[in-house]
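Novice: Have a look at this one.
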Amino acid sequence: MKYGKDAHGEDLDMHNSPVIIVAHSMGGLVAKKAYLLGQNDETYQEIVRSISAIVFLATPHHGSNLAEVLKRLLKISLQPSREFIADLEKGSHTLEDLNEQFRHVAPKLSIWSFYETLATPVGPMNVMVLDKNSSMLGYTKEISRPLNADHHGVCKYSSQDDSNYISVRNALSSIVRTLKPRELAARGKPVATKAVEGVQKILGVFVSPEDDLNSIRRLWLSGTCSWLLYEPQIQLWMETRQESCVTWFSGPPGSGKSILSAYMITHLLNSDVACQYFFFKFDDPGKRSLSAFLRSMAYQVAKDIPDFRRGLMDLVMENTRLEKTDSLLIWKNLFESILLKLNLIKPLYWVVDALDESEVPKALLELLHTITNSHASIRILIFSRKTESLSLAFGRLSRSLTVHLLEKDGTDFNALDIDALIDEEIQNMRGSHELRQRVAQSVRSRAQGSFLWVRLVLEELVSCHTEDAIQGALKDIPDDMNELYRRMEMSILSHPRKMTIDLAKAILQWATCAGRLLTLKELSQALRPEIPELLDLRRTIQDVCGQFTIINDAGQVTVVHQTAREYLTMNSGDESFVNVDEAHAKLFGKSISVLRDPNLRYKCTHSRYTLPTAEPFLIYAATTWTYHLRHITNPSNEVLDTILDFFKSKSVLAWIHALALFGHLDTLVEAAKVLTRLVNHSRKSNSKENPLLHRGADLDVLELWAVDLVKMIGKFSRQISSDPTIIYNLIPALCPKYSIVHQQFHQQDPTEISIKGLSDTHWNDNLAKLVLPNGDQLRKSRVLPLVLLFLEPDPGWQLVEADLLKEASPLHGPHISWPTCIAFNGDVTQVGHVIGLIKAYCVFKWHPVTDEIQEAQLAVDKIASSSDGKTFVTSSCDGTVRVWNFAHFSVIYQLSSADVMIDLAFSPDSMRFYDLRYSSVCAWEPSSLIRLAESEESSSDTAIESQAPTSVSHISEASLNYYNAVTVVAAGPGRHWYCAGNQEGSIFLFNTRTDHTTELLKGSGSHSSNYSIAWSQDGTHIVTAHHCGTIYIMHLTAWLASPGNGSPTLKSLMSPRIDRGSSGVKQFLFNPDSSLLLIASSAGGGHIWSLKNQKTTATLSEDNIDRRWLQHPLQETLILSFGLTHMQVFNWHDFSEQARLPYSRKNDDPAEEHSLAKYGINTVSKAILTQTGEHIMLQIKILTKGIVSSQLFLLPVSSFANNEPSRSLIFIPPAIHAKAEIPLGMLPGSRLAFLDQDLWFCTFNLSSSREYEDRKIKRHYFVPRDWFVNERVVKQCCMMEDGTFLCPKGDKVVVITCDLEVSGL
């Protein structure tokens, strides 16, 4: 192919054209191997890239049972053995390896597999060389077809009229029409791959839309469907006019509408127009929702329209994930705000199939009302069954948009296509030509326009072995689809073995009621142990379920058609084959039983990649039990016992572990909603029963779990995702004392973790609090990127109704005040609504067009609306904040506090709100907002249709407790003492062993908050500085190095009086005997204060050099200053410089000065003597091109034993200092301790080999980020000599201890 020449000797240039390979038998194996080898061979890569499709004719992909027979024949005929024959045996490792490698490159190709259906003469016998399964690869996009031929005849045809020739020719024709335009388009218009991948990621589109198209297109027959192009309504729709319109093609069920839509999509793609499409599917929850439709369409438009793709790049850069975003918000932010404002030269063509199979079909049509004023022309073709609700919805849509109706309710519109199907499939039936013609005529006359009926009938006829059986089947098969389904049902129920009937019912329960389609492996595990492992589940399903089920290209089990599912589940009583309520209860119980496996925690230790293979049903059970519980109409006591036992056991932790491994922690929110629904339903049922039968305590447990699940995902999801094993010990320890997780699973195990100082007994909705220093007052809050301006400059205000400008619409009630604040809600469903308040009187919701007004008699003075339009928040003069459900105009959350709010605002994702009060801003994340934001799409879609204002929401209440936040923490000498100061200026002394607290200094107000504390080396003195500038020195007369039980004696010393000019205090440092105090300024200077003489003894002039100060580790009279280029040695008594020592690294030339300043614009942010006393640790902050990073260095104390200027800097490995956000010090055994960027407490053994250094970082536990008011408080975290970690949280200091030798990951 590479060196091929034409008749004139010119190169064929095969690599410039799409190549299709047709291979017979073992030639197919050779083609696969050659394609694989060419992937990595530069010589043939161009040819390989040109290969677009492979057509396999009876290729033994999985071997043949005749391999052994062939070996025997060779032996009998005295022929030498052939080694390759062994590779053709079934289960051959060679073939399996080849298939496994080919699987990874197969998605690039269009693959067709034809298989033989007749036996092949081999000597005196006729045998099947290859069965169907061996001739098929089983890949997702593979298209398979039978040929009425033996193994030799699949590639040898008698004439152009041979049915086998026609089948293969049609396949090649389809490939050429489909692939060639796409290949040429791809070569002519390269797509920005990285940008498209980014869009695909944020939209959560992980399955290519082409997969659905190909799976339906393979059912299309050449020569069919072309009549559709000549329908007048379709011709109008295909016009290129710059006008948006909708065409609705409605037809009976099973009449081939999906194949028509696939044909139309293929036609448009081959016509080089921008076409986007979507196939709604009743059996796939991921393809039933409006959100899935919008995200898929946005992805396809982004691929085709560069301007739209660029409009999404802000979301890509922010890594915004939209798979869980409300469909209304997706439509507004992606389509209305971007796509509909583009001026496109050519229209976009959208094809939507099976709209009636979506969760809420009318929801899409409601959204389409807004494309009336679109700058971009969007022409939409919708295929569906005709229903009354859809007819009404299309009627409403026609008032604002051009709608063409194409109704096909007869039986003749697809007659020619049905004839083609019959002629194609009848060739596979046994018997003479005359018999086939009679049967074809009979089927044709009874088809009544139903492709589904024809396919089911022909499948049964093809399986008949005699003419009498064929005639009998034709006689027995009814014309009506429901009667045909009844016949199929009776075929199952009439089986003589009850076990077989039970097996069929079990399979059909999963096929009709599963939350998503199950693969064969998943279903096999789901059926066990009640049904032993089946030898061949695929064949078993075909045998016991008849024609009710099919196995799709992805190996998933589903019902043959939506009408079949409706038939099987049509009655709620015992008459239906599948009782939906009982089925969901059974499937729920099965899912929970898998999660109750006592070995699940052990199984979860496997990686997320091997676990699905080892436990294929586990993912389904973990993510979908909530689906089944939600669909049980009246949960029984048995169901309640099952879920209660699950949540009271450690299995619930293993379940969360599994969800984290699979990346599905969002299931916790769904579980919380389902539990809440179950509790509400049970309590309502209890009200009608004997009080002795009430289960209030059990329901309280489930209600607490509903709260904890939401809180855990809100506060700990990131950490659980990175290390799921923390759910067993660390998470229960971090949860509030009275949370259900803490009560059930927290154990005081000294080998694990101990946390003291957590004051929260219950979950706190307060996510964070920002306090301005010095009591500065805020005036206005704004949360970016909120859109605060509603008036767009281009079109301006749209005049909805001109007469309204002349009218005055009075509010109801006495006119005691007037509106003082209004806001527009943010979503598209409530267009025109205004929310507002009349100060000290009421809050109202008003529609200026309908003049509809709703009022709530509450005294409110501030109001703000969320960006998604679902909620708004108000505040009252008594400090009460209320969050309202916009649609229902009801309060869903109430927060009580003593302060008056200055302003309110929502976060961009509408899951948090912020209140501004004087000098502080609080961020709140109530569970009610999280549940609302994560509400299931079906609920949000339903809200479009009906938003009754009479609905009453359950109100969640919270209160704000004020405290004086800890602003500074300092660990004392020894292992038990530390100090903490708060924003009021108070200083407290704590003993970690006895939990004894002593107030050393009483604060005087918010202007006196502490920002620095230092201990003397002997633990006898403490110094602190307030923001007001006052310095306090305290003398502790009791020795603190031992635990002690009493309070130390305190003596306050005279505050230093020094002239600091305009610079502030940066650092305090005592000399070894605590007689002198260094007060270092932020400008590089300093003062030596004598505690004995109470005066300044020496001063160092400010030189604007950034310095950190430390006591000389070996000489008590000296002090060290660390700058960027060198360290300096000063005398304690007179500040005289003793030496200036340049830095140098180990093995550096001593004469070469090594500057820390070479890294960029730097500051020395930390210099400490480590807890072991063996090293001095330096941290510098590096600013390079606006990016701040850090670098750590260690200086051995032993290097100070001589007076040589060279000092040996130990450089921390790059992988370590890149992670170390807050260095904490050193522990015995050369273990560096630090907080990483995600606030994990980590250790790293510096004495270990640098190879695989990143893997040797041990993470012991993490600190929740919501413990900190701001980043400055994070920097106050410190570590004591024994590894005890001190962390400020609110008005407390949390003390965390654990066995660092044992713990760590």
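For the structure tokens, the naming scheme is as follows: chains receive sequential letters (A, B, ...) according to their order of presentation, residues are indexed from 1 within each chain, and ligands are indexed from 1 in presentation order.
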Within 8 Å of Arg882 in chain A, counting only C-alpha atoms, which residues show up once you throw out same-chain ones fewer than 6 positions away? Write them as a short mmCIF file (atom, residue, chain, number, x, y, z; two decimals) with all heavy atoms, in the first residue's frame, please.

Specialist:
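As written to disk, selection-v7.cif reads:
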```
data_model
loop_
_atom_site.label_atom_id
_atom_site.label_comp_id
_atom_site.auth_asym_id
_atom_site.auth_seq_id
_atom_site.Cartn_x
_atom_site.Cartn_y
_atom_site.Cartn_z
N VAL A 873 -32.48 35.85 49.85
CA VAL A 873 -32.20 35.96 51.27
C VAL A 873 -32.60 37.34 51.75
O VAL A 873 -32.46 38.33 51.03
CB VAL A 873 -30.70 35.67 51.56
CG1 VAL A 873 -29.81 36.65 50.84
CG2 VAL A 873 -30.41 35.67 53.05
N THR A 874 -33.15 37.39 52.97
CA THR A 874 -33.53 38.66 53.57
C THR A 874 -32.94 38.75 54.97
O THR A 874 -32.62 37.74 55.59
CB THR A 874 -35.06 38.80 53.67
OG1 THR A 874 -35.56 37.76 54.53
CG2 THR A 874 -35.71 38.71 52.31
N SER A 875 -32.80 39.97 55.46
CA SER A 875 -32.37 40.19 56.84
C SER A 875 -33.30 41.19 57.50
O SER A 875 -33.87 42.06 56.83
CB SER A 875 -30.93 40.70 56.90
OG SER A 875 -30.83 41.99 56.33
N VAL A 891 -39.98 30.19 53.54
CA VAL A 891 -38.68 30.21 54.20
C VAL A 891 -38.17 28.78 54.35
O VAL A 891 -38.89 27.89 54.81
CB VAL A 891 -38.79 30.88 55.59
CG1 VAL A 891 -37.44 30.84 56.30
CG2 VAL A 891 -39.26 32.31 55.44
N ILE A 892 -36.92 28.55 53.95
CA ILE A 892 -36.33 27.22 54.09
C ILE A 892 -35.18 27.20 55.09
O ILE A 892 -34.70 26.13 55.47
CB ILE A 892 -35.82 26.68 52.73
CG1 ILE A 892 -34.75 27.62 52.14
CG2 ILE A 892 -36.96 26.48 51.76
CD1 ILE A 892 -34.11 27.10 50.86
N TYR A 893 -34.73 28.39 55.51
CA TYR A 893 -33.62 28.44 56.46
C TYR A 893 -33.69 29.76 57.22
O TYR A 893 -33.97 30.81 56.64
CB TYR A 893 -32.27 28.33 55.73
CG TYR A 893 -31.05 28.39 56.63
CD1 TYR A 893 -30.67 27.27 57.37
CD2 TYR A 893 -30.29 29.54 56.72
CE1 TYR A 893 -29.55 27.31 58.19
CE2 TYR A 893 -29.17 29.58 57.53
CZ TYR A 893 -28.80 28.47 58.27
OH TYR A 893 -27.69 28.51 59.08
N GLN A 894 -33.42 29.69 58.53
CA GLN A 894 -33.46 30.90 59.36
C GLN A 894 -32.25 30.93 60.27
O GLN A 894 -31.95 29.94 60.94
CB GLN A 894 -34.75 30.92 60.17
CG GLN A 894 -34.90 32.16 61.04
CD GLN A 894 -36.30 32.29 61.62
OE1 GLN A 894 -37.28 32.38 60.88
NE2 GLN A 894 -36.39 32.26 62.93
N LEU A 895 -31.57 32.06 60.29
CA LEU A 895 -30.37 32.25 61.11
C LEU A 895 -30.62 33.41 62.06
O LEU A 895 -30.97 34.50 61.64
CB LEU A 895 -29.17 32.55 60.20
CG LEU A 895 -27.88 32.98 60.89
CD1 LEU A 895 -27.28 31.83 61.69
CD2 LEU A 895 -26.86 33.47 59.84
#
```

Novice: Could you pull out the alpha helix (DSSP H) residues of range 149-273 of chain A, going by DSSP on the backbone, and write them as a PyMOL selection string?

Specialist: chain A and resi 163-188+193-203+209-217+232-237+257-270

Novice: Skipping near chain neighbours, those fewer than 6 positions away, what residues fall within 12 Å of Arg446 in chain A using only C-alpha atoms, listed as an NGL selection string?

Specialist: :A and (411-412 or 415 or 418-419 or 422 or 439-440 or 453-454 or 457 or 474-475 or 477-481)

Novice: Mind dumping the selected residues with all heavy atoms as a short mmCIF file (atom, residue, chain, number, x, y, z; two decimals), in the first residue's frame?

Specialist:
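Output contents, as saved in result37.cif:
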```
data_model
loop_
_atom_site.label_atom_id
_atom_site.label_comp_id
_atom_site.auth_asym_id
_atom_site.auth_seq_id
_atom_site.Cartn_x
_atom_site.Cartn_y
_atom_site.Cartn_z
N THR A 411 -50.37 3.67 8.37
CA THR A 411 -49.51 2.48 8.26
C THR A 411 -48.82 2.37 6.92
O THR A 411 -48.16 1.39 6.64
CB THR A 411 -50.37 1.21 8.47
OG1 THR A 411 -51.39 1.16 7.44
CG2 THR A 411 -51.02 1.21 9.84
N ASP A 412 -48.98 3.40 6.08
CA ASP A 412 -48.41 3.31 4.74
C ASP A 412 -47.19 4.17 4.52
O ASP A 412 -46.50 4.04 3.51
CB ASP A 412 -49.48 3.69 3.69
CG ASP A 412 -50.02 5.10 3.91
OD1 ASP A 412 -49.79 5.63 5.02
OD2 ASP A 412 -50.66 5.64 3.00
N ALA A 415 -44.09 1.91 4.38
CA ALA A 415 -44.31 0.58 3.79
C ALA A 415 -43.11 0.11 2.98
O ALA A 415 -42.72 -1.07 3.05
CB ALA A 415 -45.57 0.61 2.92
N ILE A 418 -40.34 -1.04 5.27
CA ILE A 418 -40.64 -2.34 5.87
C ILE A 418 -40.45 -3.45 4.85
O ILE A 418 -39.92 -4.53 5.18
CB ILE A 418 -42.07 -2.34 6.44
CG1 ILE A 418 -42.11 -1.48 7.72
CG2 ILE A 418 -42.55 -3.75 6.74
CD1 ILE A 418 -43.46 -1.41 8.40
N ASP A 419 -40.82 -3.20 3.61
CA ASP A 419 -40.58 -4.20 2.56
C ASP A 419 -39.09 -4.50 2.44
O ASP A 419 -38.69 -5.67 2.30
CB ASP A 419 -41.10 -3.68 1.21
CG ASP A 419 -42.62 -3.64 1.16
OD1 ASP A 419 -43.25 -4.24 2.07
OD2 ASP A 419 -43.17 -3.01 0.24
N ILE A 422 -38.01 -6.69 5.35
CA ILE A 422 -38.47 -8.07 5.18
C ILE A 422 -37.63 -8.79 4.14
O ILE A 422 -37.19 -9.94 4.34
CB ILE A 422 -39.97 -8.09 4.79
CG1 ILE A 422 -40.81 -7.54 5.96
CG2 ILE A 422 -40.41 -9.50 4.42
CD1 ILE A 422 -42.28 -7.34 5.60
N VAL A 439 -43.98 -16.35 2.98
CA VAL A 439 -43.87 -15.83 4.34
C VAL A 439 -43.69 -14.31 4.31
O VAL A 439 -44.30 -13.57 5.09
CB VAL A 439 -42.70 -16.50 5.08
CG1 VAL A 439 -42.43 -15.80 6.42
CG2 VAL A 439 -42.99 -17.97 5.31
N ALA A 440 -42.86 -13.84 3.39
CA ALA A 440 -42.61 -12.39 3.29
C ALA A 440 -43.91 -11.65 3.00
O ALA A 440 -44.19 -10.59 3.58
CB ALA A 440 -41.57 -12.11 2.21
N TRP A 453 -42.71 -4.92 15.33
CA TRP A 453 -43.47 -6.16 15.15
C TRP A 453 -42.79 -7.04 14.10
O TRP A 453 -42.64 -8.26 14.29
CB TRP A 453 -44.90 -5.82 14.73
CG TRP A 453 -45.80 -7.02 14.61
CD1 TRP A 453 -46.55 -7.58 15.59
CD2 TRP A 453 -46.04 -7.79 13.42
NE1 TRP A 453 -47.24 -8.66 15.12
CE2 TRP A 453 -46.93 -8.82 13.78
CE3 TRP A 453 -45.57 -7.74 12.12
CZ2 TRP A 453 -47.38 -9.77 12.87
CZ3 TRP A 453 -46.02 -8.68 11.21
CH2 TRP A 453 -46.91 -9.69 11.58
N VAL A 454 -42.37 -6.44 12.99
CA VAL A 454 -41.73 -7.21 11.92
C VAL A 454 -40.45 -7.87 12.41
O VAL A 454 -40.19 -9.05 12.15
CB VAL A 454 -41.44 -6.29 10.71
CG1 VAL A 454 -40.56 -7.01 9.68
CG2 VAL A 454 -42.75 -5.84 10.07
N VAL A 457 -41.23 -10.81 14.78
CA VAL A 457 -41.80 -11.95 14.05
C VAL A 457 -40.73 -12.66 13.24
O VAL A 457 -40.61 -13.89 13.25
CB VAL A 457 -42.95 -11.46 13.14
CG1 VAL A 457 -43.37 -12.58 12.18
CG2 VAL A 457 -44.13 -11.01 13.98
N LEU A 474 -46.65 -18.41 12.15
CA LEU A 474 -47.39 -17.34 11.48
C LEU A 474 -48.85 -17.32 11.91
O LEU A 474 -49.46 -16.26 12.06
CB LEU A 474 -47.30 -17.52 9.96
CG LEU A 474 -46.03 -17.00 9.27
CD1 LEU A 474 -46.05 -17.38 7.81
CD2 LEU A 474 -45.92 -15.49 9.43
N LYS A 475 -49.39 -18.50 12.12
CA LYS A 475 -50.79 -18.60 12.53
C LYS A 475 -50.99 -18.12 13.96
O LYS A 475 -51.99 -17.46 14.28
CB LYS A 475 -51.26 -20.04 12.39
CG LYS A 475 -52.73 -20.25 12.76
CD LYS A 475 -53.12 -21.70 12.57
CE LYS A 475 -54.59 -21.92 12.97
NZ LYS A 475 -54.97 -23.35 12.82
N ILE A 477 -48.93 -16.07 15.83
CA ILE A 477 -48.46 -14.72 16.17
C ILE A 477 -49.57 -13.72 15.92
O ILE A 477 -50.08 -13.60 14.81
CB ILE A 477 -47.21 -14.36 15.33
CG1 ILE A 477 -46.03 -15.25 15.71
CG2 ILE A 477 -46.85 -12.88 15.53
CD1 ILE A 477 -44.80 -15.04 14.85
N PRO A 478 -49.96 -12.95 16.95
CA PRO A 478 -51.03 -11.96 16.77
C PRO A 478 -50.51 -10.71 16.07
O PRO A 478 -49.30 -10.43 16.06
CB PRO A 478 -51.45 -11.65 18.21
CG PRO A 478 -50.24 -11.94 19.04
CD PRO A 478 -49.51 -13.06 18.35
N ASP A 479 -51.44 -9.93 15.50
CA ASP A 479 -51.05 -8.71 14.80
C ASP A 479 -50.82 -7.55 15.77
O ASP A 479 -50.00 -6.67 15.52
CB ASP A 479 -52.15 -8.31 13.80
CG ASP A 479 -52.28 -9.33 12.68
OD1 ASP A 479 -51.37 -10.18 12.54
OD2 ASP A 479 -53.30 -9.30 11.96
N ASP A 480 -51.56 -7.54 16.89
CA ASP A 480 -51.45 -6.45 17.85
C ASP A 480 -50.19 -6.62 18.71
O ASP A 480 -49.87 -7.73 19.15
CB ASP A 480 -52.69 -6.44 18.75
CG ASP A 480 -52.64 -5.33 19.78
OD1 ASP A 480 -52.80 -4.16 19.39
OD2 ASP A 480 -52.42 -5.64 20.97
N MET A 481 -49.47 -5.50 18.98
CA MET A 481 -48.22 -5.60 19.73
C MET A 481 -48.45 -6.08 21.16
O MET A 481 -47.70 -6.91 21.68
CB MET A 481 -47.52 -4.23 19.77
CG MET A 481 -46.70 -3.90 18.55
SD MET A 481 -45.42 -5.11 18.16
CE MET A 481 -44.53 -5.20 19.70
#
```

Novice: What's around range 1280-1294 of chain A at 6 Å? Count only C-alpha atoms, leave out sequence neighbours fewer than 5 positions away in its own chain, and write the answer as a ChimeraX atom specification.

Specialist: /A:756-757,963-966,971,975,1171,1267

Novice: Let me see the file: selected residues, N, CA and C atoms, as a PDB file, in the first residue's frame.

Specialist:
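Once everything was written out, this is selection_7.pdb:
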```pdb
ATOM      1  N   LYS A 756      -8.343  17.502  70.895  1.00  0.00           N
ATOM      2  CA  LYS A 756      -8.917  18.249  72.007  1.00  0.00           C
ATOM      3  C   LYS A 756      -9.150  19.698  71.576  1.00  0.00           C
ATOM      4  N   GLY A 757     -10.167  20.291  72.159  1.00  0.00           N
ATOM      5  CA  GLY A 757     -10.404  21.708  71.921  1.00  0.00           C
ATOM      6  C   GLY A 757     -11.492  22.013  70.927  1.00  0.00           C
ATOM      7  N   TYR A 963     -17.673  35.073  69.417  1.00  0.00           N
ATOM      8  CA  TYR A 963     -16.504  34.692  70.202  1.00  0.00           C
ATOM      9  C   TYR A 963     -15.350  35.609  69.838  1.00  0.00           C
ATOM     10  N   ASN A 964     -14.368  35.629  70.705  1.00  0.00           N
ATOM     11  CA  ASN A 964     -13.140  36.358  70.421  1.00  0.00           C
ATOM     12  C   ASN A 964     -12.154  35.381  69.796  1.00  0.00           C
ATOM     13  N   ALA A 965     -11.911  35.546  68.511  1.00  0.00           N
ATOM     14  CA  ALA A 965     -11.107  34.585  67.777  1.00  0.00           C
ATOM     15  C   ALA A 965      -9.661  34.613  68.232  1.00  0.00           C
ATOM     16  N   VAL A 966      -9.046  33.416  68.263  1.00  0.00           N
ATOM     17  CA  VAL A 966      -7.620  33.300  68.549  1.00  0.00           C
ATOM     18  C   VAL A 966      -6.849  33.856  67.360  1.00  0.00           C
ATOM     19  N   ALA A 971       4.058  27.785  70.913  1.00  0.00           N
ATOM     20  CA  ALA A 971       4.397  26.620  71.730  1.00  0.00           C
ATOM     21  C   ALA A 971       5.520  26.974  72.684  1.00  0.00           C
ATOM     22  N   ARG A 975       7.034  19.911  76.660  1.00  0.00           N
ATOM     23  CA  ARG A 975       6.042  19.185  75.885  1.00  0.00           C
ATOM     24  C   ARG A 975       4.600  19.484  76.272  1.00  0.00           C
ATOM     25  N   GLN A1171      12.802  21.519  66.735  1.00  0.00           N
ATOM     26  CA  GLN A1171      12.482  20.943  68.034  1.00  0.00           C
ATOM     27  C   GLN A1171      13.582  20.022  68.541  1.00  0.00           C
ATOM     28  N   TRP A1267     -11.640  25.827  59.586  1.00  0.00           N
ATOM     29  CA  TRP A1267     -11.246  26.186  60.944  1.00  0.00           C
ATOM     30  C   TRP A1267     -10.614  27.580  60.989  1.00  0.00           C
TER      31      TRP A1267
END
```

Novice: Can you tell me how far CA of Thr623 in chain A sits from CA of Leu704 in chain A, in Å to one decimal?

Specialist: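 Going from CA of Thr623 in chain A over to CA of Leu704 in chain A, I get 20.5 Å.
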
Novice: For Ser167 in chain A, find every residue with an atom within 10 Å (counting only C-alpha atoms), except residues of its own chain fewer than 6 positions away, and show them as a list of chain:residue names.

Specialist: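 Listed by chain and then number, they are A:Phe114, A:Arg145, A:Pro146, A:Leu147, A:Ser173, A:Leu221, A:Ser222, A:Glu424.
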
Novice: Just want the 9 Å neighbourhood of range 136-144 of chain A, counted on only C-alpha atoms, with same-chain residues fewer than 5 positions away dropped. Output as an MDAnalysis selection string.

Specialist: chainID A and resid 56 58:62 99 103 106:107 109:115 211:212 214:215 218:219 552:555

Novice: Pick out the residues sitting within 9 Å of range 1118-1132 of chain A, and hand them over as a ChimeraX atom specification; count only C-alpha atoms, and ignore anything fewer than 3 positions along from it in its own chain.

Specialist: /A:1071,1076,1078,1088,1098,1105-1115,1135-1143,1153-1158,1162-1164,1167,1178,1180

Novice: Provide the CA of Ile345 in chain A to CA of Trp237 in chain A distance in Å, to one decimal place.

Specialist: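 Going from CA of Ile345 in chain A over to CA of Trp237 in chain A, I get 16.7 Å.
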
Novice: Which one of A:Ser1190, A:Ser636, A:Asn764, A:Asn729 sits closest to Cys1298 in chain A if you count only C-alpha atoms?

Specialist: A:Asn729

Novice: Enumerate, as an NGL selection string, the complete set of residues in range 1090-1201 of chain A that a backbone-based DSSP assignment places in strand (DSSP E).

Specialist: :A and (1090 or 1095-1100 or 1108-1111 or 1118-1122 or 1126-1131 or 1137-1142 or 1144-1145 or 1161-1169 or 1175-1184 or 1187-1196)

Novice: Using only C-alpha atoms, which residue out of A:Glu239, A:Glu425, A:Asp698, A:Glu615 lies closest to Thr642 in chain A?

Specialist: A:Asp698

Novice: So how far away is CA of Lys281 in chain A from CA of Ala447 in chain A, in Å?

Specialist: 24.4 Å
